[in-house]
>>> print(open('data_32.txt').read())   # compact mmCIF, C-alpha atoms
# COMPACT_ATOMS: atom_id res chain seq x y z
CA MET A 1 53.04 30.92 175.43
CA LYS A 2 52.25 34.28 177.04
CA THR A 3 54.70 36.18 174.85
CA ILE A 4 53.31 34.92 171.54
CA LYS A 5 51.71 37.61 169.39
CA HIS A 6 51.81 36.16 165.87
CA LEU A 7 50.57 32.81 164.55
CA PHE A 8 51.66 31.72 161.07
CA PHE A 9 49.56 28.99 159.44
CA ASP A 10 50.30 26.64 156.60
CA LEU A 11 47.42 26.21 154.12
CA ASP A 12 47.39 22.82 152.38
CA HIS A 13 46.93 19.81 154.68
CA THR A 14 46.63 22.13 157.69
CA LEU A 15 43.56 24.30 157.13
CA TRP A 16 42.54 23.41 153.59
CA ASP A 17 41.89 19.65 153.28
CA PHE A 18 44.03 19.01 150.23
CA GLU A 19 43.46 15.25 150.02
CA LEU A 20 39.68 15.49 150.21
CA ASN A 21 39.49 18.39 147.75
CA SER A 22 41.92 16.70 145.37
CA GLN A 23 39.99 13.44 145.46
CA GLN A 24 36.80 15.27 144.53
CA VAL A 25 38.44 16.80 141.47
CA LEU A 26 40.21 13.60 140.41
CA SER A 27 36.95 11.68 140.71
CA ARG A 28 35.23 14.24 138.50
CA LEU A 29 37.94 14.06 135.83
CA PHE A 30 38.11 10.27 136.00
CA ASN A 31 34.38 9.93 135.35
CA GLU A 32 34.02 12.78 132.86
CA HIS A 33 36.68 11.17 130.67
CA ASN A 34 35.34 7.65 131.14
CA LEU A 35 38.65 6.12 132.23
CA LYS A 36 36.96 3.13 133.82
CA GLU A 37 35.46 1.85 130.58
CA MET A 38 38.20 3.04 128.24
CA PHE A 39 41.15 1.68 130.17
CA HIS A 40 39.57 -0.78 132.64
CA LEU A 41 40.74 1.23 135.64
CA SER A 42 39.20 1.57 139.07
CA GLU A 43 38.73 5.11 140.32
CA LYS A 44 40.25 4.26 143.69
CA GLU A 45 43.39 2.79 142.11
CA PHE A 46 43.85 5.78 139.81
CA ILE A 47 43.48 8.34 142.61
CA SER A 48 45.77 6.38 144.92
CA LYS A 49 48.57 6.16 142.35
CA TYR A 50 48.25 9.81 141.37
CA SER A 51 48.38 10.89 145.02
CA GLU A 52 51.52 8.81 145.57
CA ILE A 53 53.25 10.29 142.52
CA ASN A 54 52.10 13.82 143.35
CA ALA A 55 53.50 13.62 146.89
CA ASP A 56 56.84 12.34 145.59
CA MET A 57 57.09 15.10 143.00
CA TRP A 58 56.21 17.82 145.52
CA ASN A 59 59.02 16.54 147.74
CA ARG A 60 61.39 16.72 144.77
CA PHE A 61 60.15 20.24 143.98
CA HIS A 62 60.84 21.31 147.58
CA ARG A 63 64.39 20.00 147.15
CA ASN A 64 64.76 22.02 143.92
CA GLU A 65 65.17 18.82 141.88
CA ILE A 66 62.36 19.60 139.42
CA SER A 67 60.75 22.76 138.06
CA ARG A 68 57.23 24.07 138.63
CA ASP A 69 56.18 23.16 135.08
CA GLU A 70 57.57 19.65 135.40
CA LEU A 71 55.63 19.19 138.62
CA ARG A 72 52.38 20.41 137.11
CA VAL A 73 52.54 18.27 133.98
CA SER A 74 54.60 15.19 134.79
CA ARG A 75 52.58 14.01 137.79
CA PHE A 76 49.73 13.13 135.43
CA GLY A 77 52.04 11.89 132.70
CA ARG A 78 53.71 9.52 135.16
CA THR A 79 50.32 8.34 136.41
CA PHE A 80 49.11 7.55 132.90
CA GLN A 81 52.42 5.87 132.12
CA HIS A 82 52.06 3.65 135.19
CA PHE A 83 48.75 2.35 133.85
CA GLY A 84 50.04 2.00 130.29
CA ILE A 85 47.85 4.81 128.97
CA GLN A 86 49.20 6.62 125.93
CA SER A 87 47.08 9.68 125.26
CA PRO A 88 48.65 13.08 124.53
CA GLU A 89 45.16 14.57 124.72
CA LEU A 90 44.53 13.36 128.28
CA GLU A 91 48.05 14.36 129.34
CA LYS A 92 47.20 17.89 128.22
CA ILE A 93 43.64 18.06 129.53
CA PHE A 94 44.12 16.62 133.01
CA PRO A 95 46.75 19.10 134.29
CA GLU A 96 44.77 22.04 132.92
CA LYS A 97 41.40 20.96 134.31
CA TYR A 98 42.85 19.81 137.62
CA LEU A 99 44.40 23.22 138.26
CA GLU A 100 41.17 24.89 137.13
CA PHE A 101 38.85 22.86 139.37
CA LEU A 102 41.01 22.23 142.43
CA PRO A 103 41.22 25.80 143.80
CA GLN A 104 37.42 26.06 143.61
CA GLN A 105 37.00 23.39 146.28
CA ASN A 106 36.39 24.66 149.80
CA ARG A 107 36.55 21.77 152.24
CA LEU A 108 38.54 22.56 155.36
CA PHE A 109 39.61 20.40 158.28
CA PRO A 110 37.04 20.14 161.09
CA ASP A 111 36.69 23.19 163.35
CA ALA A 112 38.93 25.36 161.14
CA TYR A 113 36.58 28.36 161.09
CA GLN A 114 35.80 28.09 164.80
CA VAL A 115 39.49 27.97 165.67
CA LEU A 116 40.39 30.88 163.42
CA ASP A 117 37.54 32.98 164.79
CA TYR A 118 38.78 32.33 168.32
CA LEU A 119 42.47 32.97 167.61
CA LYS A 120 41.79 36.08 165.54
CA GLN A 121 40.50 37.80 168.66
CA LYS A 122 43.78 37.23 170.53
CA TYR A 123 46.58 37.16 167.95
CA ARG A 124 47.62 38.46 164.58
CA LEU A 125 47.23 35.61 162.11
CA HIS A 126 49.32 35.11 158.97
CA LEU A 127 49.81 32.47 156.29
CA ILE A 128 52.94 30.97 154.75
CA THR A 129 52.24 28.55 151.92
CA ASN A 130 54.34 26.75 149.34
CA GLY A 131 52.53 26.93 146.05
CA PHE A 132 51.52 28.94 143.03
CA GLU A 133 49.99 32.37 143.56
CA LYS A 134 46.93 32.01 141.33
CA VAL A 135 46.05 28.59 142.74
CA GLN A 136 46.58 29.48 146.40
CA ARG A 137 44.72 32.78 146.13
CA SER A 138 41.78 30.99 144.55
CA LYS A 139 41.70 28.42 147.37
CA LEU A 140 41.68 31.18 149.95
CA PHE A 141 38.91 33.04 148.14
CA HIS A 142 36.59 30.06 147.64
CA ALA A 143 37.11 28.87 151.22
CA CYS A 144 36.51 32.42 152.57
CA LEU A 145 39.84 32.36 154.43
CA GLU A 146 41.45 35.61 153.27
CA PRO A 147 39.86 37.88 155.93
CA TYR A 148 41.50 35.92 158.74
CA PHE A 149 45.08 36.73 157.73
CA ASP A 150 46.96 40.01 157.99
CA VAL A 151 49.88 38.82 155.86
CA ILE A 152 49.74 36.08 153.22
CA VAL A 153 53.09 34.80 151.95
CA ILE A 154 53.13 32.56 148.87
CA SER A 155 56.38 30.92 147.86
CA GLU A 156 56.05 31.64 144.14
CA LEU A 157 56.02 35.39 144.83
CA THR A 158 58.98 35.42 147.22
CA GLY A 159 61.34 33.23 145.22
CA TYR A 160 61.82 31.08 148.32
CA LYS A 161 59.90 28.16 149.79
CA LYS A 162 59.65 26.42 153.12
CA PRO A 163 61.88 25.19 154.76
CA GLU A 164 64.27 27.85 153.41
CA PRO A 165 64.91 30.46 156.12
CA GLU A 166 64.47 33.31 153.65
CA ILE A 167 60.71 32.74 153.35
CA PHE A 168 60.30 32.85 157.13
CA GLN A 169 62.38 36.02 157.27
CA TYR A 170 60.24 37.51 154.51
CA ALA A 171 57.07 36.67 156.46
CA ILE A 172 58.40 38.05 159.75
CA ILE A 173 59.43 41.34 158.13
CA HIS A 174 56.09 41.85 156.37
CA ALA A 175 54.14 40.91 159.49
CA GLU A 176 56.22 43.38 161.50
CA ALA A 177 56.86 40.58 163.99
CA ASN A 178 59.77 39.12 165.92
CA LYS A 179 60.51 35.44 165.49
CA GLU A 180 60.72 34.99 169.26
CA GLU A 181 57.04 35.99 169.55
CA SER A 182 55.90 33.92 166.56
CA VAL A 183 54.74 30.33 166.03
CA MET A 184 54.38 28.32 162.82
CA ILE A 185 51.48 25.85 162.63
CA GLY A 186 51.69 23.21 159.92
CA ASP A 187 51.56 19.57 158.93
CA ASP A 188 54.90 19.09 157.18
CA LEU A 189 57.76 18.06 159.45
CA THR A 190 60.43 19.36 157.10
CA ALA A 191 58.87 22.42 155.51
CA ASP A 192 56.85 23.74 158.43
CA ILE A 193 58.29 22.36 161.65
CA GLU A 194 62.02 22.01 160.98
CA GLY A 195 61.96 25.13 158.82
CA ALA A 196 60.40 27.23 161.58
CA LEU A 197 62.51 25.79 164.38
CA ASN A 198 65.75 26.22 162.46
CA PHE A 199 64.79 29.83 161.79
CA GLY A 200 64.12 30.44 165.48
CA MET A 201 60.32 30.43 165.60
CA GLY A 202 58.12 28.19 167.69
CA ALA A 203 56.27 25.35 165.96
CA VAL A 204 53.07 23.35 166.33
CA PHE A 205 52.87 20.12 164.36
CA PHE A 206 49.35 19.35 163.09
CA ASN A 207 49.38 15.57 162.91
CA PRO A 208 45.90 14.09 162.37
CA ALA A 209 47.39 10.91 160.88
CA GLU A 210 49.55 10.45 164.01
CA LYS A 211 52.80 10.07 162.10
CA PRO A 212 55.85 9.11 164.18
CA PHE A 213 57.19 12.30 165.68
CA GLU A 214 59.84 13.14 168.25
CA ASN A 215 60.95 16.72 168.70
CA PRO A 216 60.82 18.27 172.17
CA LYS A 217 61.01 21.76 170.68
CA ALA A 218 57.64 21.45 168.91
CA ILE A 219 54.12 20.85 170.20
CA GLN A 220 52.03 18.18 168.53
CA ILE A 221 48.25 18.29 168.01
CA LYS A 222 45.85 15.87 166.34
CA GLU A 223 42.90 18.24 165.90
CA LEU A 224 42.82 21.95 165.12
CA LYS A 225 40.54 22.66 168.06
CA GLU A 226 43.44 21.81 170.38
CA LEU A 227 44.90 25.18 169.40
CA MET A 228 42.17 26.85 171.45
CA ASN A 229 43.66 25.34 174.57
CA LEU A 230 47.25 26.12 173.59
CA PHE A 231 46.82 29.80 172.82
>>> encode(input="data_32.txt", output="structure tokens")
Amino acid sequence: MKTIKHLFFDLDHTLWDFELNSQQVLSRLFNEHNLKEMFHLSEKEFISKYSEINADMWNRFHRNEISRDELRVSRFGRTFQHFGIQSPELEKIFPEKYLEFLPQQNRLFPDAYQVLDYLKQKYRLHLITNGFEKVQRSKLFHACLEPYFDVIVISELTGYKKPEPEIFQYAIIHAEANKEESVMIGDDLTADIEGALNFGMGAVFFNPAEKPFENPKAIQIKELKELMNLF
């Protein structure tokens, strides 16, 4: 990859450990609102079901099947409905507090800072993330990630989201880069990998869970520190 000059990172599930940070916040809300005693729920079961519903609704959001507001609110409403909980108060509080507390978490995947420090010396680093500006900016701030990136592209601001080619074009233009000298690094096969490849960029699939993957055009890594050997 001698001709590569620009590396574009995804944020959630690639650098910022979304599952771990989300679990911390959900655990806090679960216990602060006493769901175990009030509704005879286990914390593990509640978090597992929410995570399943949240992933499904994000996929639907990426396919433009639901709106941002529906995503934010309905993922908790559907979780409560699954457990037979009828509480307008909780359905209002949980989305608000979740979005307040979540961006304040700062747990990253192992070696993230070390890898970014190394790559920053050799390449221009950028970020392309699907999400809401206020939330994503807060994550970057609390995790001290902003200084690493020259250009930060957030889907809410562009009107496009990965894997749509327009968001990659937007990022390339603002980074003053060429797609032939650029690589996207992310965890989502559709949004990050297929989106980048279809646009004409290179792609590195971050796959710590070792999901089934076959695409000769993309490189696969299990740990972020492998990037230090690739670039």
>>> residues_near_point(input="data_32.txt", point="(46.6, 33.6, 162.7)", cutoff="9 Å", atoms="only C-alpha atoms", output="ChimeraX atom specification")
/A:6-9,116,119-120,123-127,148-150
>>> residues_around(input="data_32.txt", residues="Thr158 in chain A", least_positions_apart="2", cutoff="12 Å", atoms="all atoms listed in the file", output="list of chain:residue names")
A:Ile128, A:Thr129, A:Asn130, A:Gly131, A:Phe132, A:Glu133, A:Ile152, A:Val153, A:Ile154, A:Ser155, A:Glu156, A:Tyr160, A:Lys161, A:Lys162, A:Glu164, A:Pro165, A:Glu166, A:Ile167, A:Phe168, A:Gln169, A:Tyr170, A:Ala171, A:His174
>>> residues_around(input="data_32.txt", residues="Asp111 in chain A", least_positions_apart="3", cutoff="12 Å", atoms="only C-alpha atoms", output="list of chain:residue names")
A:Thr14, A:Leu15, A:Trp16, A:Asp17, A:Arg107, A:Leu108, A:Gln114, A:Val115, A:Leu116, A:Asp117, A:Tyr118, A:Glu223, A:Leu224, A:Lys225, A:Glu226, A:Leu227, A:Met228
>>> closest_residue(input="data_32.txt", among="A:Leu197, A:Ala191, A:Ala143, A:Val204", to="Asn59 in chain A", atoms="all atoms listed in the file")
A:Ala191
>>> residues_around(input="data_32.txt", residues="His82 in chain A", least_positions_apart="6", cutoff="12 Å", atoms="all atoms listed in the file", output="list in words")
Leu41, Glu45, Phe46, Ser48, Lys49, Tyr50, Glu52, Ile53, Ser74, Arg75 and Phe76 of chain A
>>> atom_distance(input="data_32.txt", atom1="CA of Asn106 in chain A", atom2="CA of Lys139 in chain A")
6.9 Å
>>> closest_residue(input="data_32.txt", among="A:Glu19, A:Glu91, A:Glu70, A:Asp192", to="Ser51 in chain A", atoms="all atoms listed in the file")
A:Glu19
>>> closest_residue(input="data_32.txt", among="A:Ile85, A:Ile93, A:Leu102, A:Ile66", to="Ser27 in chain A", atoms="all atoms listed in the file")
A:Leu102
>>> atom_distance(input="data_32.txt", atom1="CA of His62 in chain A", atom2="CA of Glu181 in chain A")
26.7 Å
>>> closest_residue(input="data_32.txt", among="A:Asn54, A:Asn31, A:Gln121, A:Thr3", to="Pro95 in chain A", atoms="all atoms listed in the file")
A:Asn54
>>> closest_residue(input="data_32.txt", among="A:Lys44, A:Lys222, A:Lys179, A:His33", to="Asn207 in chain A", atoms="only C-alpha atoms")
A:Lys222
>>> closest_residue(input="data_32.txt", among="A:Phe18, A:Phe30, A:Phe83, A:Phe205", to="Asp188 in chain A", atoms="only C-alpha atoms")
A:Phe205
>>> atom_distance(input="data_32.txt", atom1="CA of Ser182 in chain A", atom2="CA of Met201 in chain A")
5.7 Å
>>> axis_aligned_box(input="data_32.txt", around="range 173-192 of chain A", padding_each_side="5 Å", output="AutoDock Vina command-line options")
--center_x 56.1 --center_y 30.7 --center_z 162.5 --size_x 19.2 --size_y 35.3 --size_z 24.0
>>> build_atoms(input="data_32.txt", residues="range 106-131 of chain A", atoms="N, CA and C atoms", output="short mmCIF file (atom, residue, chain, number, x, y, z; two decimals), in the frame of the given file")
data_model
loop_
_atom_site.label_atom_id
_atom_site.label_comp_id
_atom_site.auth_asym_id
_atom_site.auth_seq_id
_atom_site.Cartn_x
_atom_site.Cartn_y
_atom_site.Cartn_z
N ASN A 106 36.35 23.86 148.57
CA ASN A 106 36.39 24.66 149.80
C ASN A 106 36.28 23.85 151.08
N ARG A 107 36.65 22.60 151.03
CA ARG A 107 36.55 21.77 152.24
C ARG A 107 37.77 22.00 153.14
N LEU A 108 37.50 22.34 154.37
CA LEU A 108 38.54 22.56 155.36
C LEU A 108 38.53 21.43 156.39
N PHE A 109 39.59 21.37 157.18
CA PHE A 109 39.61 20.40 158.28
C PHE A 109 38.58 20.81 159.32
N PRO A 110 38.06 19.83 160.08
CA PRO A 110 37.04 20.14 161.09
C PRO A 110 37.48 21.24 162.05
N ASP A 111 36.52 22.11 162.36
CA ASP A 111 36.69 23.19 163.35
C ASP A 111 37.58 24.33 162.88
N ALA A 112 37.99 24.33 161.61
CA ALA A 112 38.93 25.36 161.14
C ALA A 112 38.38 26.77 161.35
N TYR A 113 37.14 27.01 160.95
CA TYR A 113 36.58 28.36 161.09
C TYR A 113 36.44 28.75 162.56
N GLN A 114 35.97 27.82 163.37
CA GLN A 114 35.80 28.09 164.80
C GLN A 114 37.13 28.46 165.44
N VAL A 115 38.17 27.72 165.11
CA VAL A 115 39.49 27.97 165.67
C VAL A 115 40.03 29.31 165.21
N LEU A 116 39.90 29.60 163.94
CA LEU A 116 40.39 30.88 163.42
C LEU A 116 39.63 32.06 164.02
N ASP A 117 38.33 31.91 164.17
CA ASP A 117 37.54 32.98 164.79
C ASP A 117 38.03 33.26 166.21
N TYR A 118 38.31 32.20 166.93
CA TYR A 118 38.78 32.33 168.32
C TYR A 118 40.17 32.98 168.37
N LEU A 119 41.10 32.47 167.57
CA LEU A 119 42.47 32.97 167.61
C LEU A 119 42.58 34.39 167.08
N LYS A 120 41.74 34.74 166.13
CA LYS A 120 41.79 36.08 165.54
C LYS A 120 41.52 37.17 166.58
N GLN A 121 40.80 36.83 167.62
CA GLN A 121 40.50 37.80 168.66
C GLN A 121 41.71 38.07 169.57
N LYS A 122 42.67 37.15 169.56
CA LYS A 122 43.78 37.23 170.53
C LYS A 122 45.15 37.46 169.89
N TYR A 123 45.28 37.11 168.61
CA TYR A 123 46.58 37.16 167.95
C TYR A 123 46.45 37.74 166.55
N ARG A 124 47.58 38.14 166.00
CA ARG A 124 47.62 38.46 164.58
C ARG A 124 47.92 37.16 163.83
N LEU A 125 47.10 36.85 162.85
CA LEU A 125 47.23 35.61 162.11
C LEU A 125 47.79 35.88 160.72
N HIS A 126 48.68 34.99 160.28
CA HIS A 126 49.32 35.11 158.97
C HIS A 126 49.37 33.73 158.31
N LEU A 127 49.75 33.72 157.05
CA LEU A 127 49.81 32.47 156.29
C LEU A 127 51.12 32.39 155.53
N ILE A 128 51.77 31.24 155.59
CA ILE A 128 52.94 30.97 154.75
C ILE A 128 52.67 29.67 154.01
N THR A 129 52.59 29.73 152.69
CA THR A 129 52.24 28.55 151.92
C THR A 129 53.19 28.35 150.74
N ASN A 130 53.61 27.12 150.55
CA ASN A 130 54.34 26.75 149.34
C ASN A 130 53.33 26.48 148.23
N GLY A 131 53.47 27.17 147.13
CA GLY A 131 52.53 26.93 146.05
C GLY A 131 52.57 28.05 145.03
#
